[in-house]
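A.B. asks: One file: final-v3.tsv (TSV, C-alpha atoms).
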```tsv
chain	number	residue	atom	x	y	z
A	33	MET	CA	-80.49	75.68	4.53
A	34	LEU	CA	-81.23	77.75	7.61
A	35	LEU	CA	-79.61	75.17	9.90
A	36	LYS	CA	-76.30	74.90	8.03
A	37	PRO	CA	-73.45	77.09	9.29
A	38	LYS	CA	-71.17	78.93	6.89
A	39	ILE	CA	-68.15	77.83	8.94
A	40	LYS	CA	-67.78	74.92	11.40
A	41	LEU	CA	-64.85	74.82	13.84
A	42	HIS	CA	-63.85	73.10	17.06
A	43	ARG	CA	-63.26	76.10	19.40
A	44	VAL	CA	-63.55	79.88	19.28
A	45	THR	CA	-59.76	80.12	19.36
A	46	ASP	CA	-59.69	78.29	16.00
A	47	ILE	CA	-61.08	81.46	14.41
A	48	ASP	CA	-58.07	83.33	13.12
A	49	ILE	CA	-57.58	86.60	11.30
A	50	ASN	CA	-56.85	84.89	7.97
A	51	LEU	CA	-60.17	83.02	8.10
A	52	LEU	CA	-62.02	86.24	8.90
A	53	ARG	CA	-60.32	88.06	6.03
A	54	LYS	CA	-61.13	85.19	3.65
A	55	TYR	CA	-64.85	85.64	4.42
A	56	GLY	CA	-64.75	89.44	4.73
A	57	ILE	CA	-65.70	89.36	8.42
A	58	LYS	CA	-64.97	92.50	10.45
A	59	GLY	CA	-67.25	91.90	13.43
A	60	LEU	CA	-68.15	88.90	15.60
A	61	ILE	CA	-71.27	88.41	17.69
A	62	LEU	CA	-70.21	85.95	20.39
A	63	ASP	CA	-72.27	83.59	22.51
A	64	VAL	CA	-71.02	82.87	26.04
A	65	ASP	CA	-72.24	79.47	27.22
A	66	ASN	CA	-70.21	76.64	25.73
A	67	THR	CA	-68.54	79.11	23.37
A	68	LEU	CA	-66.35	81.35	25.54
A	69	SER	CA	-66.83	79.40	28.77
A	70	THR	CA	-68.65	76.31	29.99
A	71	HIS	CA	-72.42	76.49	30.45
A	72	HIS	CA	-73.02	78.98	33.30
A	73	GLY	CA	-69.28	79.10	34.00
A	74	GLN	CA	-67.07	82.13	34.56
A	75	VAL	CA	-63.74	80.52	33.66
A	76	LEU	CA	-62.39	81.53	30.25
A	77	THR	CA	-61.75	78.73	27.77
A	78	ASP	CA	-58.05	78.00	27.20
A	79	GLY	CA	-56.40	80.62	25.03
A	80	LEU	CA	-59.36	83.02	25.08
A	81	GLU	CA	-57.48	85.99	26.54
A	82	ASN	CA	-54.78	85.82	23.85
A	83	TRP	CA	-57.42	85.29	21.15
A	84	LEU	CA	-59.33	88.40	22.26
A	85	VAL	CA	-56.11	90.45	22.15
A	86	GLU	CA	-55.34	89.13	18.65
A	87	MET	CA	-58.83	89.86	17.34
A	88	GLN	CA	-58.98	93.36	18.77
A	89	GLY	CA	-55.39	94.05	17.72
A	90	ASN	CA	-56.42	93.27	14.15
A	91	GLY	CA	-59.44	95.58	14.31
A	92	VAL	CA	-62.10	92.88	14.67
A	93	LYS	CA	-65.10	94.26	16.54
A	94	LEU	CA	-66.59	92.01	19.22
A	95	VAL	CA	-69.85	91.93	21.17
A	96	ILE	CA	-71.50	89.28	23.31
A	97	LEU	CA	-75.09	88.21	22.59
A	98	SER	CA	-76.43	85.63	25.00
A	99	ASN	CA	-79.84	84.14	25.70
A	100	SER	CA	-78.88	84.11	29.39
A	101	LYS	CA	-79.95	86.73	31.92
A	102	GLU	CA	-77.87	89.81	32.67
A	103	LYS	CA	-76.78	88.48	36.07
A	104	ARG	CA	-75.02	85.62	34.25
A	105	VAL	CA	-73.63	87.56	31.28
A	106	LYS	CA	-72.57	90.89	32.82
A	107	PRO	CA	-69.80	89.56	35.14
A	108	PHE	CA	-68.34	87.47	32.33
A	109	ALA	CA	-68.47	90.35	29.81
A	110	GLU	CA	-66.85	92.70	32.32
A	111	LYS	CA	-64.11	90.13	33.02
A	112	ILE	CA	-63.10	90.14	29.34
A	113	GLY	CA	-63.92	93.79	28.63
A	114	LEU	CA	-66.65	93.32	26.03
A	115	ASP	CA	-70.00	94.99	25.51
A	116	PHE	CA	-72.93	92.58	25.87
A	117	ILE	CA	-76.60	92.00	25.22
A	118	SER	CA	-78.41	89.57	27.50
A	119	MET	CA	-81.77	87.86	27.01
A	120	GLY	CA	-80.95	87.67	23.29
A	121	LEU	CA	-84.01	85.57	22.36
A	122	LYS	CA	-82.02	83.79	19.65
A	123	PRO	CA	-82.99	82.59	17.07
A	124	LEU	CA	-85.28	85.64	16.84
A	125	PRO	CA	-83.44	88.39	14.96
A	126	PHE	CA	-84.27	91.45	17.09
A	127	LYS	CA	-81.22	91.43	19.36
A	128	ILE	CA	-78.95	90.30	16.52
A	129	SER	CA	-79.93	93.60	14.90
A	130	SER	CA	-79.00	95.43	18.12
A	131	ALA	CA	-75.63	93.66	18.21
A	132	LEU	CA	-74.92	94.74	14.63
A	133	ARG	CA	-75.67	98.37	15.52
A	134	ARG	CA	-73.28	98.15	18.48
A	135	LEU	CA	-70.55	96.70	16.26
A	136	GLY	CA	-71.14	99.25	13.52
A	137	THR	CA	-70.72	96.57	10.87
A	138	LYS	CA	-72.85	95.48	7.92
A	139	ARG	CA	-74.57	92.09	7.77
A	140	SER	CA	-72.21	90.99	5.01
A	141	GLU	CA	-69.15	91.62	7.20
A	142	THR	CA	-70.47	90.13	10.44
A	143	ALA	CA	-70.63	86.58	11.81
A	144	ILE	CA	-72.43	85.14	14.79
A	145	VAL	CA	-70.42	82.57	16.75
A	146	GLY	CA	-71.95	79.90	18.96
A	147	ASP	CA	-72.34	76.23	19.77
A	148	GLN	CA	-76.03	75.65	18.97
A	149	ILE	CA	-77.64	75.14	15.59
A	150	PHE	CA	-81.15	76.03	16.75
A	151	THR	CA	-80.21	79.35	18.35
A	152	ASP	CA	-76.94	80.73	17.00
A	153	THR	CA	-76.84	79.25	13.48
A	154	LEU	CA	-80.58	79.54	12.81
A	155	GLY	CA	-80.71	83.08	14.20
A	156	GLY	CA	-77.72	84.22	12.17
A	157	ASN	CA	-79.02	82.67	8.97
A	158	LEU	CA	-82.48	84.18	9.50
A	159	TYR	CA	-80.93	87.62	9.97
A	160	GLY	CA	-78.50	87.27	7.08
A	161	VAL	CA	-75.14	87.29	8.84
A	162	LYS	CA	-72.47	84.65	8.44
A	163	THR	CA	-72.56	81.82	10.95
A	164	ILE	CA	-69.71	80.07	12.74
A	165	LEU	CA	-70.75	76.94	14.60
A	166	LEU	CA	-68.43	75.58	17.28
A	167	ASP	CA	-68.32	72.31	19.16
A	168	PRO	CA	-69.63	72.83	22.70
A	169	ILE	CA	-66.84	73.15	25.27
A	170	LYS	CA	-68.61	70.65	27.53
A	171	LEU	CA	-71.81	68.75	26.79
A	172	GLU	CA	-74.71	69.67	29.03
A	173	SER	CA	-76.31	67.01	31.21
A	174	SER	CA	-79.98	68.06	31.31
A	175	LYS	CA	-82.52	65.96	29.41
A	176	SER	CA	-83.62	68.92	27.28
A	177	PHE	CA	-80.04	69.63	26.15
A	178	LYS	CA	-79.33	65.96	25.50
A	179	PHE	CA	-82.45	65.85	23.30
A	180	LYS	CA	-81.43	69.03	21.48
A	181	ARG	CA	-77.91	67.72	20.87
A	182	LYS	CA	-79.32	64.45	19.49
A	183	ILE	CA	-81.39	66.40	16.95
A	184	GLU	CA	-78.33	68.50	16.10
A	185	ARG	CA	-76.36	65.33	15.31
A	186	ALA	CA	-79.11	64.36	12.85
A	187	VAL	CA	-78.85	67.81	11.22
A	188	PHE	CA	-75.06	67.32	10.93
A	189	LYS	CA	-75.68	64.11	8.98
A	190	ILE	CA	-78.41	65.57	6.75
A	191	TYR	CA	-76.35	68.62	5.78
A	192	LYS	CA	-72.99	66.78	5.92
A	193	ILE	CA	-71.65	69.36	8.38
A	194	LYS	CA	-67.97	68.90	9.20
A	195	ASN	CA	-65.26	71.21	10.45
A	196	THR	CA	-64.41	73.74	7.75
A	197	GLU	CA	-60.84	72.49	7.33
A	198	GLU	CA	-62.24	68.96	6.72
A	199	GLN	CA	-64.64	69.97	3.93
```
As C-alpha coordinates, please, write out the structure in this file.

C.D. replies:
Amino acid sequence: MLLKPKIKLHRVTDIDINLLRKYGIKGLILDVDNTLSTHHGQVLTDGLENWLVEMQGNGVKLVILSNSKEKRVKPFAEKIGLDFISMGLKPLPFKISSALRRLGTKRSETAIVGDQIFTDTLGGNLYGVKTILLDPIKLESSKSFKFKRKIERAVFKIYKIKNTEEQ
(Lines of atoms letter the chains of each structure in order from A and count residues from 1; the text may use other names and numbers.)
(Lines give C-alpha, C1' and ligand atoms only; values in the text may rest on other atoms or scores of the structure.)
Protein backbone atom coordinates (compact mmCIF):
# COMPACT_ATOMS: atom_id res chain seq x y z
CA MET A 1 0.00 0.00 0.00
CA LEU A 2 2.73 2.41 -1.03
CA LEU A 3 0.20 4.94 -2.34
CA LYS A 4 -1.96 5.10 0.80
CA PRO A 5 -1.18 7.88 3.27
CA LYS A 6 -1.14 7.26 7.01
CA ILE A 7 -3.12 10.47 7.55
CA LYS A 8 -5.31 12.46 5.11
CA LEU A 9 -6.30 16.05 5.90
CA HIS A 10 -7.63 19.12 4.12
CA ARG A 11 -4.87 21.70 4.87
CA VAL A 12 -1.50 21.83 6.61
CA THR A 13 -3.08 23.93 9.36
CA ASP A 14 -5.33 20.95 10.18
CA ILE A 15 -2.27 19.19 11.59
CA ASP A 16 -2.34 19.89 15.30
CA ILE A 17 -0.11 18.95 18.20
CA ASN A 18 -2.58 16.36 19.53
CA LEU A 19 -2.59 14.53 16.19
CA LEU A 20 1.21 14.53 16.10
CA ARG A 21 1.41 13.20 19.66
CA LYS A 22 -1.14 10.49 18.84
CA TYR A 23 1.15 9.20 16.06
CA GLY A 24 4.43 9.90 17.88
CA ILE A 25 5.53 12.49 15.32
CA LYS A 26 8.28 14.91 16.39
CA GLY A 27 9.43 16.14 12.98
CA LEU A 28 7.70 17.19 9.75
CA ILE A 29 9.16 17.25 6.26
CA LEU A 30 7.08 19.83 4.41
CA ASP A 31 6.43 20.29 0.71
CA VAL A 32 5.91 23.85 -0.55
CA ASP A 33 3.80 23.86 -3.71
CA ASN A 34 0.12 23.40 -2.95
CA THR A 35 0.99 22.54 0.65
CA LEU A 36 2.31 25.76 2.24
CA SER A 37 1.49 28.03 -0.72
CA THR A 38 -0.07 27.78 -4.16
CA HIS A 39 1.95 26.18 -6.94
CA HIS A 40 4.94 28.51 -7.55
CA GLY A 41 3.40 31.10 -5.21
CA GLN A 42 5.08 33.05 -2.42
CA VAL A 43 1.94 33.90 -0.43
CA LEU A 44 1.51 31.84 2.74
CA THR A 45 -1.68 29.81 3.03
CA ASP A 46 -4.18 31.22 5.56
CA GLY A 47 -3.12 30.54 9.13
CA LEU A 48 0.35 29.24 8.22
CA GLU A 49 2.30 31.76 10.30
CA ASN A 50 0.35 30.92 13.46
CA TRP A 51 0.61 27.19 12.70
CA LEU A 52 4.41 27.42 12.35
CA VAL A 53 4.63 29.24 15.71
CA GLU A 54 2.44 26.58 17.35
CA MET A 55 4.46 23.70 15.91
CA GLN A 56 7.82 25.17 16.84
CA GLY A 57 6.51 26.26 20.25
CA ASN A 58 5.63 22.63 20.93
CA GLY A 59 9.07 21.39 19.88
CA VAL A 60 8.08 20.01 16.47
CA LYS A 61 11.05 20.13 14.11
CA LEU A 62 10.34 21.37 10.58
CA VAL A 63 12.20 21.28 7.27
CA ILE A 64 11.11 21.94 3.70
CA LEU A 65 11.75 19.32 1.01
CA SER A 66 10.64 20.39 -2.45
CA ASN A 67 11.11 19.02 -5.94
CA SER A 68 11.35 22.63 -7.14
CA LYS A 69 14.60 24.45 -7.85
CA GLU A 70 16.41 26.49 -5.22
CA LYS A 71 15.42 29.81 -6.83
CA ARG A 72 11.77 28.92 -6.11
CA VAL A 73 12.21 27.35 -2.67
CA LYS A 74 14.86 29.54 -1.02
CA PRO A 75 12.87 32.83 -0.91
CA PHE A 76 9.83 31.03 0.49
CA ALA A 77 11.87 29.13 3.10
CA GLU A 78 13.62 32.33 4.16
CA LYS A 79 10.25 34.12 4.44
CA ILE A 80 9.06 31.56 7.01
CA GLY A 81 12.45 30.89 8.62
CA LEU A 82 12.83 27.21 7.77
CA ASP A 83 15.74 25.16 6.51
CA PHE A 84 15.13 23.67 3.07
CA ILE A 85 16.24 21.12 0.52
CA SER A 86 15.45 21.83 -3.12
CA MET A 87 15.47 19.47 -6.10
CA GLY A 88 14.19 16.75 -3.75
CA LEU A 89 13.65 14.13 -6.48
CA LYS A 90 10.65 12.73 -4.61
CA PRO A 91 9.57 9.93 -4.60
CA LEU A 92 13.23 8.83 -4.57
CA PRO A 93 14.36 8.48 -0.95
CA PHE A 94 17.80 10.15 -1.07
CA LYS A 95 16.78 13.68 -0.08
CA ILE A 96 14.19 12.38 2.39
CA SER A 97 17.17 10.82 4.17
CA SER A 98 18.93 14.21 4.12
CA ALA A 99 15.83 15.89 5.56
CA LEU A 100 15.73 13.37 8.40
CA ARG A 101 19.37 14.09 9.24
CA ARG A 102 18.64 17.82 9.33
CA LEU A 103 15.67 17.25 11.64
CA GLY A 104 17.60 14.89 13.88
CA THR A 105 14.58 12.61 14.17
CA LYS A 106 14.07 8.89 13.60
CA ARG A 107 11.94 7.51 10.77
CA SER A 108 9.35 6.33 13.27
CA GLU A 109 8.86 9.86 14.64
CA THR A 110 8.84 11.74 11.34
CA ALA A 111 6.13 12.45 8.75
CA ILE A 112 6.33 13.87 5.26
CA VAL A 113 3.56 16.32 4.40
CA GLY A 114 2.42 17.11 0.87
CA ASP A 115 -0.39 17.21 -1.66
CA GLN A 116 0.69 14.52 -4.14
CA ILE A 117 0.36 10.77 -3.83
CA PHE A 118 3.01 9.97 -6.43
CA THR A 119 5.73 12.16 -4.91
CA ASP A 120 5.10 12.89 -1.23
CA THR A 121 3.10 9.83 -0.14
CA LEU A 122 4.98 7.31 -2.28
CA GLY A 123 8.36 8.77 -1.31
CA GLY A 124 7.53 8.76 2.39
CA ASN A 125 6.18 5.22 2.31
CA LEU A 126 9.22 3.99 0.37
CA TYR A 127 11.53 5.55 2.94
CA GLY A 128 9.52 4.36 5.93
CA VAL A 129 8.30 7.64 7.43
CA LYS A 130 4.69 8.45 8.19
CA THR A 131 2.79 10.23 5.44
CA ILE A 132 0.29 13.07 5.66
CA LEU A 133 -1.54 13.78 2.42
CA LEU A 134 -3.29 17.12 2.03
CA ASP A 135 -5.78 18.44 -0.48
CA PRO A 136 -4.03 20.78 -2.92
CA ILE A 137 -4.56 24.45 -2.09
CA LYS A 138 -5.43 25.16 -5.73
CA LEU A 139 -5.70 22.65 -8.56
CA GLU A 140 -3.10 23.09 -11.27
CA SER A 141 -4.20 23.82 -14.83
CA SER A 142 -1.55 22.06 -16.93
CA LYS A 143 -2.52 18.90 -18.81
CA SER A 144 0.12 16.82 -17.03
CA PHE A 145 -1.18 17.84 -13.59
CA LYS A 146 -4.80 17.30 -14.61
CA PHE A 147 -3.85 13.78 -15.75
CA LYS A 148 -1.96 13.10 -12.52
CA ARG A 149 -4.86 14.33 -10.39
CA LYS A 150 -7.27 12.10 -12.33
CA ILE A 151 -5.12 9.05 -11.53
CA GLU A 152 -4.92 10.18 -7.89
CA ARG A 153 -8.74 10.23 -7.70
CA ALA A 154 -8.75 6.61 -8.89
CA VAL A 155 -6.23 5.72 -6.15
CA PHE A 156 -8.50 7.44 -3.59
CA LYS A 157 -11.34 5.14 -4.66
CA ILE A 158 -9.24 1.97 -4.72
CA TYR A 159 -7.78 2.55 -1.25
CA LYS A 160 -10.92 4.26 0.12
CA ILE A 161 -8.85 7.30 1.12
CA LYS A 162 -10.83 9.90 3.06
CA ASN A 163 -9.88 12.61 5.50
CA THR A 164 -8.63 11.05 8.73
CA GLU A 165 -11.48 12.47 10.82
CA GLU A 166 -13.96 10.86 8.38
CA GLN A 167 -12.51 7.33 8.60

A.B. asks: Need to verify the contact set: A:Glu141, 8 Å, all atoms listed in the file, exclusion of same-chain residues closer than 2 positions in sequence. Can you return it as a list in words?

C.D. replies: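 Near neighbours after the sequence-gap exclusion: Tyr55, Gly56, Ile57, Lys58, Gly59, Thr137, Lys138, Arg139, Ala143, Val161 and Lys162 of chain A.
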
A.B. asks: In Å, how far is it from atom CA of A:Met119 to atom CA of A:Lys103?

C.D. replies: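 If I compute the distance from atom CA of A:Met119 to atom CA of A:Lys103, I get 10.4 Å.
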
A.B. asks: In terms of the shortest atom-to-atom distance over all atoms listed in the file, which of A:Arg133, A:Glu102, A:His71, A:Pro107 is closest to A:Phe177?

C.D. replies: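 Once distances to A:Phe177 are computed over all atoms listed in the file, the minimum belongs to A:His71.
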
A.B. asks: Between A:Leu84, A:Gly89, A:Pro168, A:Gly136, which residue has the minimum interatomic distance to A:Ile149, considering only C-alpha atoms?

C.D. replies: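 Under the stated criterion, the closest residue is A:Pro168.
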
A.B. asks: Neighbouring residues of A:Trp83 were defined as those with any atom within 10 Å, considering all atoms listed in the file; residues of the same chain fewer than 5 positions away were excluded. Please report them as a ChimeraX atom specification.

C.D. replies: /A:44-49,78,88-89

A.B. asks: Could you check the closest approach to A:Val105 for each of A:Leu41, A:Ile169, A:Ala186, A:Ile117 and tell me which residue wins, using only C-alpha atoms?

C.D. replies: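 Ranking A:Leu41, A:Ile169, A:Ala186, A:Ile117 by distance to A:Val105, first place goes to A:Ile117.
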
A.B. asks: What's the 9 Å shell around A:Asp147, counting only C-alpha atoms, without same-chain residues fewer than 2 positions away, as a list in words?

C.D. replies: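 Here the answer would be Asp63, Asp65, Asn66, Thr67, Val145, Ile149, Thr151, Asp152, Thr153, Ile164, Leu165, Leu166, Asp167, Pro168 and Ile169 of chain A.
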
A.B. asks: Compare A:Leu97, A:Met87, A:Ile39, A:Leu68 by their minimum atom-to-atom distance to A:Pro123, counting only C-alpha atoms, and give me the closest one.

C.D. replies: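 Among A:Leu97, A:Met87, A:Ile39, A:Leu68, it is A:Leu97 that comes nearest to A:Pro123.
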
A.B. asks: Tell me which residues come within 10 Å of (-68.2, 100.9, 18.0), as a ChimeraX atom specification, counting all atoms listed in the file in the file's coordinates.

C.D. replies: /A:93-95,115,132-137

A.B. asks: A:Thr70: which residues within 10 Å, counting only C-alpha atoms, same-chain residues fewer than 5 positions away excluded, as a ChimeraX atom specification?

C.D. replies: /A:64-65,75-77,168-172

A.B. asks: Just give me the gap between atom CA of A:Leu62 and atom CA of A:Gly146 in Å, one decimal is fine.

C.D. replies: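 About the pair atom CA of A:Leu62 and atom CA of A:Gly146: they are 6.5 Å apart.
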
A.B. asks: Pick the closest to A:Leu60 from A:Val187, A:Leu114, A:Leu124, A:Leu158: which is it, counting all atoms listed in the file?

C.D. replies: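 Going through A:Val187, A:Leu114, A:Leu124, A:Leu158 one by one, the smallest distance to A:Leu60 is for A:Leu114.
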
A.B. asks: How many Å lie between atom CA of A:Thr142 and atom CA of A:Gln74, rounded to one decimal?

C.D. replies: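 Distance between the two atoms: 25.6 Å.
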
A.B. asks: Using all atoms listed in the file for the distances, tell me which of A:Lys180, A:Tyr159, A:His72, A:Phe150 is nearest to A:Lys36.

C.D. replies: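 Closest residue, counting all atoms listed in the file: A:Phe150.
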
A.B. asks: What's the 6 Å shell around A:Gly120, counting only C-alpha atoms, without same-chain residues fewer than 3 positions away, as a CSV table (one decimal) with C-alpha atoms, in the coordinates of the input?

C.D. replies:
```
chain,number,residue,atom,x,y,z
A,97,LEU,CA,-75.1,88.2,22.6
A,98,SER,CA,-76.4,85.6,25.0
A,99,ASN,CA,-79.8,84.1,25.7
A,127,LYS,CA,-81.2,91.4,19.4
```
